There are 2 protein chains.
Amino acid sequence: VTSRSLRAELARIVGEDGLRDRRDSRWGEDASAAHGVRGAPDAVVAPARAEQVAEVVAYCYRRGLAVIPRGGGTGYAGGCVPIDGGVVLALERLAAVRSLEPERWRMCVEAGATTGQVRRLARENGLLFAPDPGAAEQSQIGGNIATNAGGPHAFKYGSTGRWVTGLEVVLAPGELVRVGGPVRKDVAGYDLRSLLVGSEGTLGVITAAWLRLEPAPEAELPVLAFYPDTESGARAILDVLAAGVPAAALEFLDAGALAAGGGSLPDGAPPGAGFLVVAEADGSVGEAARVRDELVEALGAGALAMRAPADRAGARALWRWRDGVSLAVSAQRGGKLSEDVAVPVERLADAVIGTVQIGARHGLEACSWGHAGDGNVHATLMLDPADADQRRRAEAAAADLLGMAVSLGGTISGEHGLGAIKRGQLRRQWSEAAVAAHRSIKRALDPKGLLNPGKKEP
Amino acid sequence: VTSRSLRAELARIVGEDGLRDRRDSRWGEDASAAHGVRGAPDAVVAPARAEQVAEVVAYCYRRGLAVIPRGGGTGYAGGCVPIDGGVVLALERLAAVRSLEPERWRMCVEAGATTGQVRRLARENGLLFAPDPGAAEQSQIGGNIATNAGGPHAFKYGSTGRWVTGLEVVLAPGELVRVGGPVRKDVAGYDLRSLLVGSEGTLGVITAAWLRLEPAPEAELPVLAFYPDTESGARAILDVLAAGVPAAALEFLDAGALAAGGGSLPDGAPPGAGFLVVAEADGSVGEAARVRDELVEALGAGALAMRAPADRAGARALWRWRDGVSLAVSAQRGGKLSEDVAVPVERLADAVIGTVQIGARHGLEACSWGHAGDGNVHATLMLDPADADQRRRAEAAAADLLGMAVSLGGTISGEHGLGAIKRGQLRRQWSEAAVAAHRSIKRALDPKGLLNPGKKEP
């Protein structure tokens, strides 16, 4: 089909309102631009109803056209980039809150609602939707489900999938189906819901989700603890676990991340600090205070200094700052290449130190930060994006980072997914038989290979 | 193959020690005997190592023999019954604790360890493995994972699957693979772990699991509230949710279940009681007391009477009593046929009242109890198992119970699975396209259809 006739046929499904300008460069990239992943879609549609999503998928499936679902475009793995063309299916107009039932601890939202909006709606009703990925104001709930996005509070509350009780999804060759719903427990069928969570649009297109909520904690009390080096800081994380402290979040910044971000930290970092732990206690006022005291005790042993925001505004400012660490690191050289490995928590120090060593081996400054309690390390190579040689070296170093994660008993992706960037890398950590099972599921649900092709394990 | 040569060939894999007497009637049934589901295996093996499980599956796959994995045999759906013969693969000897790392909140156990053992090991180390299905001392962790078993505390803590970070599993045609492990977050591959959880042995045989643990609550404070009828009791459940009380468990017994079990309830039931709510608060001593007070307030409005055990021994006695409700109901007529539906929580009263009405329509006394907060209703028909007519009427009534659950927006199974008894019933609640996807996954992972055939959605 020519581009013009493709537009006309898609317009018949989604209306002229639902067509987008495919030449707009934003449709060809996401937050993974540093990796050089880019594409050019044959068409971009933004359906307004789930039935239109099904019709678009059916049309593409008949014509042999690739379908690339797109949420907020905040992914770090190129998961929504149309690397070989095809039809980009933007969910931004499918953003209604279908139901909000705070008195029953649940809501049903369409895929294009932002995660920030979902969190706020819950909060305004005394409830918590816990997943808090970095770009909650831009990222959409459908994309967060499709990648099983994590965040700082995943330590206590789990990643996005734990909060999903049902999905409405378009399966190949264009069927709108529902698995699960408002019911909190359901073991009748295979857990297709969980299979779709984290499948990065390669098994189906999520159009809506039923979300489970919980009563919101009354208080959230962060604690900062600074350590001289990675060893002492990582030891403190293990001390928190060994003491059985039910922290809500257990974050870290290594020396390099702290150097990049410390300047904007409220009150700065004390001299000699080479590792920062940001922990949080939450719960009722009394419970949060109790857990905070336990955190202070467990984190105190090797700490250079400890600090706590004085009030709620201070806590919010701290988490805003934490959200900005990634940008602060980018600002060092103008760009960065960041991996998203996770290791068993007792290997955290090895992963953090190993990241710096791998960078050095490739002539690049490296640092890391992330979700220490989950062993989830954003292992990052700092680079000048205009320097092709640095970019090449960073790609080689990134491969070493993945190898390191697996050799430490970990995973090549804790929360970002494989997307285009790490596609085909699953065999680093799964046996051939397990990868074969993965492939057979892809074939079973997408026999023509048209759902987000070239992503995950193509 | 003749039975004798089959034994000889299996003995070569598992040793003479690993053979069991196939004529022992226990291998042909499970806790679903009231449904009349029974089978006769061609052979029974109890491998001692995971590699032997893989070899048995490989042997059966080559020979076209069915493989029926078996845990503790406590299932209510006939999931481990060899309905058409085949090789029963008992996991009882594969029961080692491979690792226990309390200071890192995790353990790795083989499939045959009992769930009670897992829970005790966690507790002895100050940690919680929350899933608490009814028959924890007999049921095995592998079976609980294969059915995604629930229990009273699933309201706060989720079903078994939420606690599993990795699985070792034998996939067709006999490959021992591992998905996940001790890492707490991993989105590299499709979530095969969750797909296997609840798959009832139809996609693979679980041989070991990595379990996530949490710091154990210091205190557990149950509260009992008696109501005159189902409407007022179900209203109280909704009041607890509307008040945002983070209860650990929210159980119920209707009038019939209370009549059956009330006699053995510590201190009995007050006159006029037609519905009992058993709620529990947990957490630190202070937090549990705070939540208990909130429960008392939220449950108090329409209650006839409220009560709380005086101490830990009283609380334990209460939960032991709760565990015995199923047996007490059975004792009324000598037998029962129990369904395991779940509905949105606001339809709880409809489901409870509907259960009694459906029983009456078929000339049977009916009652229910279960996990009210999750809308999970053990809808039960009381019968004399020697009376064939009653059994027939109960089967007809059971079909109506499933229809009722779906018409209330619920599921035909909240925590027991479909097994042999509800096989092929998934289409009651899933569309044809969703069932087709389910079937295609089964075909992808078990192309010969030899893994627990005739179960779930055959």
# chains A, B, ... in the order shown; residues from 1 in each chain; ligands from 1
>>> interface_residues(of="chain B", to="chain A", cutoff="7 Å", atoms="only C-alpha atoms", output="JSON, numbers by chain")
{"B": [103, 104, 175, 177, 182, 183, 184, 185, 186, 187, 188, 189, 190, 191, 192, 194, 195, 198, 199, 215, 241, 242, 244, 246, 287, 342, 343, 344, 374, 410, 411, 412, 413, 414, 415, 417, 418, 426, 431, 433, 434, 437, 438, 440, 441, 444, 445]}
>>> select_by_dssp(residues="segment 112-272 of chain A", states="strand (DSSP E)", output="VMD selection string")
chain A and resid 127 to 128 164 to 171 175 to 180 205 to 212 214 to 215 219 to 227 249 to 254
>>> residues_around(residues="Gly272 of chain B", least_positions_apart="3", cutoff="10 Å", atoms="only C-alpha atoms", output="count of residues only")
8
>>> closest_residue(among="B:Ala95, B:Ala405, B:Val325, B:Leu258", to="Gly72 of chain B", atoms="only C-alpha atoms")
B:Ala95
>>> residues_around(residues="Gly354 of chain A", least_positions_apart="2", cutoff="10 Å", atoms="only C-alpha atoms", output="list in words")
Leu348, Ala349, Asp350, Ala351, Val352, Val356, Gln357, Ile358, Gly359, Ala360, Ala366, Cys367, Ala379, Asp400, Leu401, Met404 and Ala405 of chain A
>>> write_last_selection(atoms="C-alpha atoms", output="short mmCIF file (atom, residue, chain, number, x, y, z; two decimals), in the first residue's frame")
data_model
loop_
_atom_site.label_atom_id
_atom_site.label_comp_id
_atom_site.auth_asym_id
_atom_site.auth_seq_id
_atom_site.Cartn_x
_atom_site.Cartn_y
_atom_site.Cartn_z
CA LEU A 348 24.99 -4.90 45.09
CA ALA A 349 28.51 -3.72 45.96
CA ASP A 350 29.99 -6.00 43.28
CA ALA A 351 27.61 -4.58 40.67
CA VAL A 352 28.29 -0.97 41.65
CA VAL A 356 32.88 1.73 37.42
CA GLN A 357 35.55 -0.80 36.46
CA ILE A 358 33.84 -1.72 33.20
CA GLY A 359 33.54 1.96 32.32
CA ALA A 360 37.24 2.48 33.05
CA ALA A 366 30.63 5.33 34.88
CA CYS A 367 28.35 5.54 37.86
CA ALA A 379 24.52 1.16 35.64
CA ASP A 400 29.94 -6.05 29.51
CA LEU A 401 27.49 -4.66 32.07
CA MET A 404 28.39 -8.80 34.72
CA ALA A 405 24.77 -8.85 35.88
#
>>> atom_distance(atom1="atom CA of Thr207 of chain A", atom2="atom CA of Gly112 of chain A")
7.9 Å
>>> select_by_dssp(residues="segment 140-278 of chain A", states="alpha helix (DSSP H)", output="JSON, numbers by chain")
{"A": [141, 142, 143, 144, 145, 146, 147, 154, 155, 156, 157, 192, 193, 194, 195, 196, 230, 231, 232, 233, 234, 235, 236, 237, 238, 239, 240, 241, 242, 255, 256, 257, 258, 259, 260, 261]}
>>> residues_around(residues="Asp30 of chain A", least_positions_apart="4", cutoff="12 Å", atoms="only C-alpha atoms", output="list in words")
Ser25, Arg26, Ala34, His35, Gly36, Val37, Arg38, Gly39, Arg70, Gly71, Gly72, Gly73, Thr74, Gly75, Tyr76, Ala77, Gly78, Gly79, Cys80, Val81, Pro82, Ile83, Gln138, Ser139, Gly419, Ala420 and Ile421 of chain A
>>> atom_distance(atom1="atom CA of Trp163 of chain A", atom2="atom CA of Pro152 of chain B")
19.1 Å
>>> closest_residue(among="A:Ala372, A:Ile353, A:Leu381, A:Leu402", to="Ala249 of chain A", atoms="only C-alpha atoms")
A:Ala372
>>> residues_around(residues="Ile141 of chain B", least_positions_apart="3", cutoff="8 Å", atoms="only C-alpha atoms", output="MDAnalysis selection string")
chainID B and resid 71 110:115 118 144:145
>>> write_last_selection(atoms="N, CA, C and O atoms", output="PDB file, in the first residue's frame")
ATOM      1  N   GLY B  71       1.103 -33.211  44.187  1.00  0.00           N
ATOM      2  CA  GLY B  71       1.666 -32.676  45.423  1.00  0.00           C
ATOM      3  C   GLY B  71       1.057 -33.409  46.602  1.00  0.00           C
ATOM      4  O   GLY B  71       1.056 -34.634  46.660  1.00  0.00           O
ATOM      5  N   GLU B 110      12.376 -27.187  47.419  1.00  0.00           N
ATOM      6  CA  GLU B 110      11.887 -28.102  46.397  1.00  0.00           C
ATOM      7  C   GLU B 110      10.379 -28.269  46.525  1.00  0.00           C
ATOM      8  O   GLU B 110       9.787 -28.004  47.580  1.00  0.00           O
ATOM      9  N   ALA B 111       9.788 -28.728  45.426  1.00  0.00           N
ATOM     10  CA  ALA B 111       8.326 -28.720  45.300  1.00  0.00           C
ATOM     11  C   ALA B 111       7.610 -29.513  46.381  1.00  0.00           C
ATOM     12  O   ALA B 111       6.494 -29.173  46.775  1.00  0.00           O
ATOM     13  N   GLY B 112       8.241 -30.569  46.891  1.00  0.00           N
ATOM     14  CA  GLY B 112       7.559 -31.451  47.815  1.00  0.00           C
ATOM     15  C   GLY B 112       7.567 -31.010  49.268  1.00  0.00           C
ATOM     16  O   GLY B 112       6.941 -31.654  50.113  1.00  0.00           O
ATOM     17  N   ALA B 113       8.267 -29.923  49.576  1.00  0.00           N
ATOM     18  CA  ALA B 113       8.217 -29.402  50.946  1.00  0.00           C
ATOM     19  C   ALA B 113       6.782 -28.983  51.247  1.00  0.00           C
ATOM     20  O   ALA B 113       6.095 -28.440  50.380  1.00  0.00           O
ATOM     21  N   THR B 114       6.317 -29.228  52.460  1.00  0.00           N
ATOM     22  CA  THR B 114       4.946 -28.808  52.759  1.00  0.00           C
ATOM     23  C   THR B 114       4.918 -27.296  52.986  1.00  0.00           C
ATOM     24  O   THR B 114       5.907 -26.690  53.409  1.00  0.00           O
ATOM     25  N   THR B 115       3.767 -26.732  52.704  1.00  0.00           N
ATOM     26  CA  THR B 115       3.596 -25.300  52.886  1.00  0.00           C
ATOM     27  C   THR B 115       3.722 -24.942  54.362  1.00  0.00           C
ATOM     28  O   THR B 115       4.281 -23.900  54.721  1.00  0.00           O
ATOM     29  N   VAL B 118       7.369 -24.590  55.139  1.00  0.00           N
ATOM     30  CA  VAL B 118       7.887 -23.312  54.629  1.00  0.00           C
ATOM     31  C   VAL B 118       7.489 -22.178  55.567  1.00  0.00           C
ATOM     32  O   VAL B 118       8.306 -21.327  55.933  1.00  0.00           O
ATOM     33  N   ASN B 144       0.809 -25.921  45.741  1.00  0.00           N
ATOM     34  CA  ASN B 144       0.236 -24.600  46.039  1.00  0.00           C
ATOM     35  C   ASN B 144       0.600 -23.582  44.970  1.00  0.00           C
ATOM     36  O   ASN B 144      -0.197 -22.700  44.645  1.00  0.00           O
ATOM     37  N   ILE B 145       1.803 -23.698  44.431  1.00  0.00           N
ATOM     38  CA  ILE B 145       2.197 -22.798  43.340  1.00  0.00           C
ATOM     39  C   ILE B 145       1.446 -23.168  42.063  1.00  0.00           C
ATOM     40  O   ILE B 145       0.944 -22.305  41.341  1.00  0.00           O
TER      41      ILE B 145
END
>>> atom_distance(atom1="atom CA of Tyr59 of chain A", atom2="atom CA of Gln140 of chain A")
24.6 Å
>>> decode(residues="segment 127-176 of chain B", atoms="N, CA and C atoms", output="mmCIF file, in the first residue's frame")
data_model
loop_
_atom_site.group_PDB
_atom_site.id
_atom_site.type_symbol
_atom_site.label_atom_id
_atom_site.label_comp_id
_atom_site.auth_asym_id
_atom_site.auth_seq_id
_atom_site.Cartn_x
_atom_site.Cartn_y
_atom_site.Cartn_z
ATOM 1 N N LEU B 127 10.430 -14.220 59.954
ATOM 2 C CA LEU B 127 9.901 -13.821 58.650
ATOM 3 C C LEU B 127 8.546 -14.454 58.380
ATOM 4 N N LEU B 128 7.895 -13.920 57.368
ATOM 5 C CA LEU B 128 6.562 -14.364 57.001
ATOM 6 C C LEU B 128 6.554 -14.909 55.584
ATOM 7 N N PHE B 129 6.067 -16.148 55.428
ATOM 8 C CA PHE B 129 5.614 -16.612 54.117
ATOM 9 C C PHE B 129 4.104 -16.618 54.240
ATOM 10 N N ALA B 130 3.454 -15.646 53.621
ATOM 11 C CA ALA B 130 2.065 -15.325 53.960
ATOM 12 C C ALA B 130 1.016 -16.332 53.489
ATOM 13 N N PRO B 131 1.189 -16.984 52.322
ATOM 14 C CA PRO B 131 0.089 -17.845 51.871
ATOM 15 C C PRO B 131 -0.269 -18.906 52.912
ATOM 16 N N ASP B 132 -1.551 -18.998 53.213
ATOM 17 C CA ASP B 132 -2.014 -19.909 54.268
ATOM 18 C C ASP B 132 -3.251 -20.685 53.820
ATOM 19 N N PRO B 133 -3.083 -21.531 52.791
ATOM 20 C CA PRO B 133 -4.230 -22.342 52.357
ATOM 21 C C PRO B 133 -4.633 -23.297 53.463
ATOM 22 N N GLY B 134 -5.836 -23.848 53.331
ATOM 23 C CA GLY B 134 -6.431 -24.635 54.410
ATOM 24 C C GLY B 134 -5.611 -25.804 54.914
ATOM 25 N N ALA B 135 -5.016 -26.564 54.010
ATOM 26 C CA ALA B 135 -4.382 -27.814 54.404
ATOM 27 C C ALA B 135 -2.866 -27.696 54.379
ATOM 28 N N ALA B 136 -2.356 -26.625 55.009
ATOM 29 C CA ALA B 136 -0.929 -26.306 54.878
ATOM 30 C C ALA B 136 -0.003 -27.426 55.347
ATOM 31 N N GLU B 137 -0.481 -28.258 56.269
ATOM 32 C CA GLU B 137 0.406 -29.330 56.753
ATOM 33 C C GLU B 137 0.509 -30.490 55.772
ATOM 34 N N GLN B 138 -0.506 -30.651 54.915
ATOM 35 C CA GLN B 138 -0.453 -31.729 53.931
ATOM 36 C C GLN B 138 -0.046 -31.205 52.554
ATOM 37 N N SER B 139 -0.536 -30.023 52.192
ATOM 38 C CA SER B 139 -0.290 -29.551 50.837
ATOM 39 C C SER B 139 1.177 -29.192 50.682
ATOM 40 N N GLN B 140 1.666 -29.358 49.469
ATOM 41 C CA GLN B 140 3.076 -29.095 49.196
ATOM 42 C C GLN B 140 3.209 -27.782 48.448
ATOM 43 N N ILE B 141 4.353 -27.167 48.619
ATOM 44 C CA ILE B 141 4.541 -25.837 48.048
ATOM 45 C C ILE B 141 4.430 -25.882 46.514
ATOM 46 N N GLY B 142 4.900 -26.978 45.908
ATOM 47 C CA GLY B 142 4.797 -27.097 44.452
ATOM 48 C C GLY B 142 3.345 -27.120 44.001
ATOM 49 N N GLY B 143 2.520 -27.858 44.715
ATOM 50 C CA GLY B 143 1.095 -27.902 44.396
ATOM 51 C C GLY B 143 0.431 -26.570 44.654
ATOM 52 N N ASN B 144 0.809 -25.921 45.741
ATOM 53 C CA ASN B 144 0.236 -24.600 46.039
ATOM 54 C C ASN B 144 0.600 -23.582 44.970
ATOM 55 N N ILE B 145 1.803 -23.698 44.431
ATOM 56 C CA ILE B 145 2.197 -22.798 43.340
ATOM 57 C C ILE B 145 1.446 -23.168 42.063
ATOM 58 N N ALA B 146 1.351 -24.468 41.797
ATOM 59 C CA ALA B 146 0.685 -24.923 40.571
ATOM 60 C C ALA B 146 -0.797 -24.548 40.547
ATOM 61 N N THR B 147 -1.382 -24.318 41.729
ATOM 62 C CA THR B 147 -2.785 -23.905 41.768
ATOM 63 C C THR B 147 -2.934 -22.438 42.178
ATOM 64 N N ASN B 148 -1.818 -21.776 42.477
ATOM 65 C CA ASN B 148 -1.851 -20.408 43.014
ATOM 66 C C ASN B 148 -2.810 -20.333 44.205
ATOM 67 N N ALA B 149 -2.537 -21.192 45.172
ATOM 68 C CA ALA B 149 -3.426 -21.315 46.330
ATOM 69 C C ALA B 149 -3.552 -19.998 47.088
ATOM 70 N N GLY B 150 -4.728 -19.800 47.627
ATOM 71 C CA GLY B 150 -4.995 -18.584 48.392
ATOM 72 C C GLY B 150 -5.053 -18.881 49.875
ATOM 73 N N GLY B 151 -6.058 -18.331 50.540
ATOM 74 C CA GLY B 151 -6.199 -18.506 51.974
ATOM 75 C C GLY B 151 -6.672 -17.211 52.598
ATOM 76 N N PRO B 152 -6.960 -17.248 53.905
ATOM 77 C CA PRO B 152 -7.523 -16.056 54.547
ATOM 78 C C PRO B 152 -6.669 -14.797 54.388
ATOM 79 N N HIS B 153 -5.351 -14.946 54.519
ATOM 80 C CA HIS B 153 -4.514 -13.746 54.509
ATOM 81 C C HIS B 153 -4.161 -13.263 53.110
ATOM 82 N N ALA B 154 -4.699 -13.926 52.080
ATOM 83 C CA ALA B 154 -4.512 -13.429 50.714
ATOM 84 C C ALA B 154 -5.133 -12.043 50.559
ATOM 85 N N PHE B 155 -6.073 -11.703 51.442
ATOM 86 C CA PHE B 155 -6.684 -10.373 51.330
ATOM 87 C C PHE B 155 -5.617 -9.282 51.400
ATOM 88 N N LYS B 156 -4.737 -9.384 52.365
ATOM 89 C CA LYS B 156 -3.662 -8.392 52.476
ATOM 90 C C LYS B 156 -2.441 -8.789 51.670
ATOM 91 N N TYR B 157 -2.121 -10.080 51.644
ATOM 92 C CA TYR B 157 -0.807 -10.503 51.163
ATOM 93 C C TYR B 157 -0.807 -11.161 49.785
ATOM 94 N N GLY B 158 -1.972 -11.322 49.188
ATOM 95 C CA GLY B 158 -2.033 -11.953 47.872
ATOM 96 C C GLY B 158 -1.932 -13.466 47.955
ATOM 97 N N SER B 159 -2.169 -14.125 46.827
ATOM 98 C CA SER B 159 -2.105 -15.585 46.768
ATOM 99 C C SER B 159 -0.646 -16.027 46.624
ATOM 100 N N THR B 160 -0.454 -17.335 46.522
ATOM 101 C CA THR B 160 0.899 -17.904 46.551
ATOM 102 C C THR B 160 1.840 -17.268 45.530
ATOM 103 N N GLY B 161 1.332 -17.046 44.317
ATOM 104 C CA GLY B 161 2.196 -16.556 43.246
ATOM 105 C C GLY B 161 2.927 -15.268 43.572
ATOM 106 N N ARG B 162 2.318 -14.432 44.393
ATOM 107 C CA ARG B 162 2.960 -13.150 44.690
ATOM 108 C C ARG B 162 4.273 -13.336 45.440
ATOM 109 N N TRP B 163 4.483 -14.510 46.011
ATOM 110 C CA TRP B 163 5.652 -14.768 46.847
ATOM 111 C C TRP B 163 6.734 -15.557 46.132
ATOM 112 N N VAL B 164 6.519 -15.807 44.847
ATOM 113 C CA VAL B 164 7.448 -16.644 44.085
ATOM 114 C C VAL B 164 8.278 -15.746 43.175
ATOM 115 N N THR B 165 9.590 -15.742 43.366
ATOM 116 C CA THR B 165 10.449 -14.934 42.485
ATOM 117 C C THR B 165 11.126 -15.773 41.409
ATOM 118 N N GLY B 166 11.074 -17.076 41.554
ATOM 119 C CA GLY B 166 11.704 -17.914 40.527
ATOM 120 C C GLY B 166 11.195 -19.335 40.620
ATOM 121 N N LEU B 167 11.252 -20.029 39.502
ATOM 122 C CA LEU B 167 10.825 -21.435 39.469
ATOM 123 C C LEU B 167 11.865 -22.270 38.731
ATOM 124 N N GLU B 168 12.069 -23.470 39.245
ATOM 125 C CA GLU B 168 12.734 -24.499 38.473
ATOM 126 C C GLU B 168 11.617 -25.422 38.030
ATOM 127 N N VAL B 169 11.581 -25.748 36.745
ATOM 128 C CA VAL B 169 10.418 -26.447 36.214
ATOM 129 C C VAL B 169 10.862 -27.343 35.057
ATOM 130 N N VAL B 170 10.191 -28.459 34.927
ATOM 131 C CA VAL B 170 10.438 -29.323 33.774
ATOM 132 C C VAL B 170 9.391 -29.007 32.711
ATOM 133 N N LEU B 171 9.867 -28.559 31.550
ATOM 134 C CA LEU B 171 8.982 -28.286 30.420
ATOM 135 C C LEU B 171 9.055 -29.457 29.443
ATOM 136 N N ALA B 172 7.996 -29.607 28.642
ATOM 137 C CA ALA B 172 8.026 -30.600 27.574
ATOM 138 C C ALA B 172 9.119 -30.212 26.590
ATOM 139 N N PRO B 173 9.794 -31.175 25.987
ATOM 140 C CA PRO B 173 9.622 -32.630 26.130
ATOM 141 C C PRO B 173 10.534 -33.240 27.187
ATOM 142 N N GLY B 174 10.802 -32.498 28.266
ATOM 143 C CA GLY B 174 11.636 -33.079 29.314
ATOM 144 C C GLY B 174 12.858 -32.247 29.629
ATOM 145 N N GLU B 175 12.691 -30.917 29.598
ATOM 146 C CA GLU B 175 13.821 -30.018 29.827
ATOM 147 C C GLU B 175 13.699 -29.370 31.203
ATOM 148 N N LEU B 176 14.753 -29.467 31.972
ATOM 149 C CA LEU B 176 14.770 -28.802 33.278
ATOM 150 C C LEU B 176 15.243 -27.364 33.074
#
